[in-house]
>>> print(open('final-v8.cif').read())   # mmCIF, C-alpha atoms
data_work
loop_
_atom_site.label_atom_id
_atom_site.label_comp_id
_atom_site.auth_asym_id
_atom_site.auth_seq_id
_atom_site.Cartn_x
_atom_site.Cartn_y
_atom_site.Cartn_z
CA MET A 519 0.00 0.00 0.00
CA VAL A 520 1.27 3.45 -0.91
CA ASP A 521 0.39 6.57 1.03
CA ILE A 522 -0.20 9.63 -1.10
CA ASP A 523 0.16 13.06 0.43
CA ASN A 524 -1.40 16.19 -0.93
CA ALA A 525 -0.89 19.73 0.22
CA ALA A 526 -4.27 21.20 1.10
CA ARG A 527 -3.16 24.76 0.33
CA ALA A 528 -0.11 26.60 -0.94
CA GLU A 529 0.52 30.26 -1.72
CA VAL A 530 2.67 31.49 -4.54
CA TYR A 531 2.92 35.09 -5.66
CA GLY A 532 5.43 37.21 -7.43
CA ILE A 533 6.23 38.82 -10.74
CA ASP A 534 6.72 37.17 -14.13
CA ALA A 535 7.88 39.59 -16.82
CA SER A 536 9.53 39.46 -20.20
CA ALA A 537 10.62 41.99 -22.79
CA SER A 538 12.10 41.97 -26.24
CA LEU A 539 13.71 44.87 -28.04
CA GLN A 540 14.77 45.01 -31.67
CA PRO A 541 16.99 48.10 -31.99
CA THR A 542 17.92 47.19 -35.58
CA GLU A 543 16.53 44.84 -38.21
CA ARG A 544 19.29 42.34 -37.41
CA LEU A 545 19.65 42.62 -33.63
CA THR A 546 17.19 41.38 -30.99
CA LEU A 547 17.66 41.72 -27.23
CA SER A 548 15.43 39.64 -24.97
CA ALA A 549 15.11 39.20 -21.23
CA ALA A 550 12.70 37.57 -18.82
CA PHE A 551 12.56 37.07 -15.09
CA VAL A 552 10.42 35.47 -12.43
CA TRP A 553 10.54 36.66 -8.82
CA LEU A 554 8.66 34.55 -6.27
CA PRO A 555 9.05 36.12 -2.81
CA LYS A 556 6.25 33.90 -1.45
CA ARG A 557 6.22 30.20 -2.34
CA GLU A 558 5.16 28.11 0.62
CA TYR A 559 2.71 25.55 1.90
CA VAL A 560 -0.11 27.12 3.89
CA GLU A 561 -1.63 23.84 4.99
CA TYR A 562 0.12 20.50 4.57
CA ILE A 563 -0.17 17.66 7.09
CA VAL A 564 1.76 14.53 6.06
CA SER A 565 -0.45 11.42 6.22
CA GLU A 566 2.28 9.04 7.40
CA GLY A 567 3.61 10.20 10.76
CA GLY A 568 1.44 13.31 10.86
CA GLY A 569 4.27 15.78 10.22
CA ASP A 570 3.30 19.37 9.51
CA LEU A 571 4.94 21.04 6.48
CA SER A 572 2.77 24.16 6.72
CA GLY A 573 4.85 27.32 6.30
CA ARG A 574 7.70 25.51 4.51
CA GLU A 575 9.10 26.53 1.14
CA LEU A 576 7.78 24.73 -1.94
CA PRO A 577 10.27 22.31 -3.51
CA ARG A 578 11.94 23.19 -6.82
CA ALA A 579 10.72 26.79 -6.66
CA PRO A 580 13.64 29.24 -6.82
CA GLU A 581 13.01 32.80 -5.69
CA TRP A 582 14.70 34.18 -8.83
CA SER A 583 14.84 32.88 -12.40
CA LEU A 584 16.35 35.07 -15.10
CA ILE A 585 17.24 34.66 -18.76
CA ALA A 586 18.75 37.13 -21.21
CA SER A 587 19.76 36.70 -24.83
CA VAL A 588 21.23 38.59 -27.75
CA THR A 589 20.37 37.39 -31.25
CA TYR A 590 22.01 38.68 -34.41
CA ARG A 591 20.85 37.80 -37.93
CA ARG A 592 22.93 38.52 -40.99
CA PRO A 593 21.72 38.01 -44.55
CA LEU A 594 24.38 36.52 -46.81
CA THR A 595 23.93 37.96 -50.30
CA HIS A 596 21.54 35.64 -52.15
CA ARG A 597 22.81 32.66 -50.18
CA GLY A 598 20.69 32.68 -47.07
CA GLU A 599 20.88 33.90 -43.50
CA LEU A 600 23.38 33.35 -40.71
CA SER A 601 22.16 33.85 -37.16
CA GLY A 602 23.74 33.60 -33.75
CA ARG A 603 22.40 33.81 -30.21
CA VAL A 604 24.18 34.13 -26.89
CA GLU A 605 22.02 33.28 -23.91
CA TYR A 606 22.55 33.38 -20.14
CA SER A 607 20.11 31.90 -17.63
CA TYR A 608 20.24 32.03 -13.83
CA ARG A 609 18.32 30.32 -11.02
CA SER A 610 18.67 31.11 -7.35
CA GLY A 611 19.00 28.19 -4.94
CA PHE A 612 16.07 25.93 -4.11
CA ILE A 613 15.26 22.75 -2.18
CA PHE A 614 14.44 19.45 -3.88
CA THR A 615 12.26 17.84 -1.20
CA HIS A 616 11.18 17.89 2.42
CA GLU A 617 11.52 14.11 2.63
CA ASP A 618 14.22 12.48 4.71
CA LEU A 619 17.02 11.52 2.36
CA PRO A 620 19.82 9.00 2.89
CA PRO A 621 22.97 10.42 4.51
CA GLY A 622 25.07 12.35 2.02
CA ALA A 623 22.16 12.93 -0.40
CA GLN A 624 21.86 16.44 -1.81
CA ARG A 625 18.76 18.12 -0.35
CA SER A 626 19.05 21.45 -2.18
CA GLN A 627 20.54 23.09 -5.25
CA GLY A 628 22.60 26.24 -4.89
CA ALA A 629 22.28 29.14 -7.32
CA TYR A 630 23.72 28.55 -10.77
CA GLY A 631 23.98 30.22 -14.17
CA LEU A 632 24.27 28.70 -17.62
CA LEU A 633 25.88 30.24 -20.71
CA ASN A 634 24.72 28.93 -24.10
CA LEU A 635 25.63 29.76 -27.70
CA TYR A 636 23.70 28.93 -30.89
CA LEU A 637 24.71 29.42 -34.54
CA GLN A 638 22.57 28.62 -37.58
CA PHE A 639 22.79 28.98 -41.35
CA GLU A 640 19.64 28.71 -43.44
CA PRO A 641 19.99 28.82 -47.25
CA MET A 642 17.56 30.92 -49.31
CA GLN A 643 14.41 29.05 -50.37
CA ALA A 644 15.53 25.78 -48.77
CA ASP A 645 13.82 23.37 -46.40
CA TRP A 646 17.00 22.61 -44.47
CA TYR A 647 19.47 24.41 -42.21
CA VAL A 648 22.74 23.66 -40.45
CA PHE A 649 23.43 24.53 -36.83
CA ALA A 650 26.02 24.41 -34.09
CA SER A 651 25.43 24.95 -30.39
CA GLY A 652 27.21 24.90 -27.09
CA ARG A 653 25.29 24.58 -23.82
CA ASN A 654 26.61 25.19 -20.33
CA LEU A 655 29.85 26.58 -21.76
CA THR A 656 31.22 27.29 -18.26
CA ASP A 657 30.66 23.62 -17.28
CA GLN A 658 28.50 24.53 -14.26
CA ASP A 659 27.56 21.57 -12.01
CA TYR A 660 23.84 21.47 -11.14
CA PHE A 661 20.97 19.02 -10.67
CA HIS A 662 17.36 19.00 -11.92
CA GLN A 663 16.26 16.44 -9.35
CA VAL A 664 17.74 14.20 -6.66
CA TYR A 665 14.78 12.61 -4.89
CA ILE A 666 14.26 9.06 -6.18
CA GLN A 667 16.89 9.15 -8.89
CA ALA A 668 19.49 11.85 -9.35
CA ALA A 669 19.15 13.83 -12.59
CA PRO A 670 22.23 15.99 -13.09
CA GLY A 671 22.07 18.93 -15.49
CA TYR A 672 23.86 18.89 -18.79
CA PRO A 673 27.64 19.23 -18.64
CA ASP A 674 29.24 21.43 -21.27
CA THR A 675 27.64 20.02 -24.41
CA TYR A 676 28.33 20.74 -28.08
CA GLU A 677 26.24 19.88 -31.13
CA VAL A 678 26.56 20.21 -34.88
CA GLY A 679 23.74 19.13 -37.12
CA VAL A 680 21.40 19.50 -40.03
CA GLY A 681 17.69 20.15 -39.66
CA PHE A 682 14.79 19.84 -42.09
CA ARG A 683 11.47 21.67 -42.28
CA PHE A 684 8.45 19.79 -43.60
#
>>> encode(input="final-v8.cif", output="structure tokens")
Amino acid sequence: MVDIDNAARAEVYGIDASASLQPTERLTLSAAFVWLPKREYVEYIVSEGGGDLSGRELPRAPEWSLIASVTYRRPLTHRGELSGRVEYSYRSGFIFTHEDLPPGAQRSQGAYGLLNLYLQFEPMQADWYVFASGRNLTDQDYFHQVYIQAAPGYPDTYEVGVGFRF
């Protein structure tokens, strides 16, 4: 038999905003952020053992999440278009779970930032494109999840490929 818990009530409020600016035909600047100053259980009694999680922070809910990017597109005379994007994303620290974990298990994730780069060439009047990308270029260590099975974030990762549009 499996016990299933459910929080009776939680409160989350904050600001979620994004903006995009195109100062020239070729250049686009974008940014977005989420600020969650309140993200907690209001009423949460655990069925097994009767523990009270009321007033505790919600798991996997960072106070701050930010992303900013710069995209530049350059037409190549009658050949197509070359574009590049540099992107930085940041998350403040957060907890993974309120559950008791085995000794040495990671209960929370500290703040981290990721730097990514994307390049793409798309020929004129073609259904294909070529691309190259680099993610987590600073090789930041981070985890998405650690509760039942650890799920580390991507290490520095590089790709080169061809894509098709149907």
>>> resolve_selection(input="final-v8.cif", expression="the PyMOL selection byres ((chain A and resi 632) around 10)", output="list in words")
Ile585, Glu605, Tyr606, Ser607, Tyr608, Arg609, Tyr630, Gly631, Leu633, Asn634, Arg653, Asn654, Leu655, Thr656, Asp657, Gln658, Asp659, Tyr660, Tyr672 and Asp674 of chain A
>>> write_last_selection(input="final-v8.cif", atoms="C-alpha atoms", output="mmCIF file, in the frame of the given file")
data_model
loop_
_atom_site.group_PDB
_atom_site.id
_atom_site.type_symbol
_atom_site.label_atom_id
_atom_site.label_comp_id
_atom_site.auth_asym_id
_atom_site.auth_seq_id
_atom_site.Cartn_x
_atom_site.Cartn_y
_atom_site.Cartn_z
ATOM 1 C CA ILE A 585 17.240 34.660 -18.760
ATOM 2 C CA GLU A 605 22.020 33.280 -23.910
ATOM 3 C CA TYR A 606 22.550 33.380 -20.140
ATOM 4 C CA SER A 607 20.110 31.900 -17.630
ATOM 5 C CA TYR A 608 20.240 32.030 -13.830
ATOM 6 C CA ARG A 609 18.320 30.320 -11.020
ATOM 7 C CA TYR A 630 23.720 28.550 -10.770
ATOM 8 C CA GLY A 631 23.980 30.220 -14.170
ATOM 9 C CA LEU A 633 25.880 30.240 -20.710
ATOM 10 C CA ASN A 634 24.720 28.930 -24.100
ATOM 11 C CA ARG A 653 25.290 24.580 -23.820
ATOM 12 C CA ASN A 654 26.610 25.190 -20.330
ATOM 13 C CA LEU A 655 29.850 26.580 -21.760
ATOM 14 C CA THR A 656 31.220 27.290 -18.260
ATOM 15 C CA ASP A 657 30.660 23.620 -17.280
ATOM 16 C CA GLN A 658 28.500 24.530 -14.260
ATOM 17 C CA ASP A 659 27.560 21.570 -12.010
ATOM 18 C CA TYR A 660 23.840 21.470 -11.140
ATOM 19 C CA TYR A 672 23.860 18.890 -18.790
ATOM 20 C CA ASP A 674 29.240 21.430 -21.270
#
>>> residues_around(input="final-v8.cif", residues="A:Arg544", least_positions_apart="6", cutoff="10 Å", atoms="all atoms listed in the file", output="PDB file with C-alpha atoms, keeping the file's coordinate frame")
ATOM      1  CA  THR A 589      20.370  37.390 -31.250  1.00  0.00           C
ATOM      2  CA  TYR A 590      22.010  38.680 -34.410  1.00  0.00           C
ATOM      3  CA  ARG A 591      20.850  37.800 -37.930  1.00  0.00           C
ATOM      4  CA  ARG A 592      22.930  38.520 -40.990  1.00  0.00           C
ATOM      5  CA  PRO A 593      21.720  38.010 -44.550  1.00  0.00           C
ATOM      6  CA  SER A 601      22.160  33.850 -37.160  1.00  0.00           C
TER       7      SER A 601
END
>>> atom_distance(input="final-v8.cif", atom1="atom CA of A:Arg557", atom2="atom CA of A:Tyr531")
6.8 Å
>>> closest_residue(input="final-v8.cif", among="A:Val680, A:Ala528, A:Ile533, A:Val588", to="A:Glu561", atoms="all atoms listed in the file")
A:Ala528
>>> resolve_selection(input="final-v8.cif", expression="the PyMOL selection byres ((chain A and resi 550) around 6)", output="ChimeraX atom specification")
/A:535-536,549,551,584-585
>>> closest_residue(input="final-v8.cif", among="A:Tyr636, A:Tyr647, A:Phe661, A:Tyr562", to="A:Tyr676", atoms="all atoms listed in the file")
A:Tyr636
>>> atom_distance(input="final-v8.cif", atom1="atom CA of A:Gly532", atom2="atom CA of A:Glu558")
12.2 Å
>>> residues_around(input="final-v8.cif", residues="A:Val560", least_positions_apart="5", cutoff="6 Å", atoms="all atoms listed in the file", output="number ranges by chain")
A: 527-528, 572-573
>>> write_last_selection(input="final-v8.cif", atoms="C-alpha atoms", output="mmCIF file, in the frame of the given file")
data_model
loop_
_atom_site.group_PDB
_atom_site.id
_atom_site.type_symbol
_atom_site.label_atom_id
_atom_site.label_comp_id
_atom_site.auth_asym_id
_atom_site.auth_seq_id
_atom_site.Cartn_x
_atom_site.Cartn_y
_atom_site.Cartn_z
ATOM 1 C CA ARG A 527 -3.160 24.760 0.330
ATOM 2 C CA ALA A 528 -0.110 26.600 -0.940
ATOM 3 C CA SER A 572 2.770 24.160 6.720
ATOM 4 C CA GLY A 573 4.850 27.320 6.300
#
>>> closest_residue(input="final-v8.cif", among="A:Leu635, A:Ile563, A:Val552, A:Ala579", to="A:Ser651", atoms="only C-alpha atoms")
A:Leu635
>>> closest_residue(input="final-v8.cif", among="A:Val648, A:Leu637, A:Val564, A:Leu594", to="A:Ala526", atoms="all atoms listed in the file")
A:Val564
>>> atom_distance(input="final-v8.cif", atom1="atom CA of A:Arg597", atom2="atom CA of A:Phe649")
15.6 Å
>>> closest_residue(input="final-v8.cif", among="A:Gly652, A:Pro641, A:Gly611, A:Gly602", to="A:Arg625", atoms="all atoms listed in the file")
A:Gly611
>>> resolve_selection(input="final-v8.cif", expression="the PyMOL selection byres ((chain A and resi 683) around 8)", output="MDAnalysis selection string")
chainID A and resid 645:646 681:682 684
>>> axis_aligned_box(input="final-v8.cif", around="stretch 609-616 of chain A", padding_each_side="3 Å", output="lines of an AutoDock Vina configuration file")
center_x = 15.1
center_y = 24.5
center_z = -4.3
size_x = 13.8
size_y = 19.3
size_z = 19.4
>>> closest_residue(input="final-v8.cif", among="A:Asn524, A:Ser587, A:Gln663, A:Ser538", to="A:Phe614", atoms="all atoms listed in the file")
A:Gln663
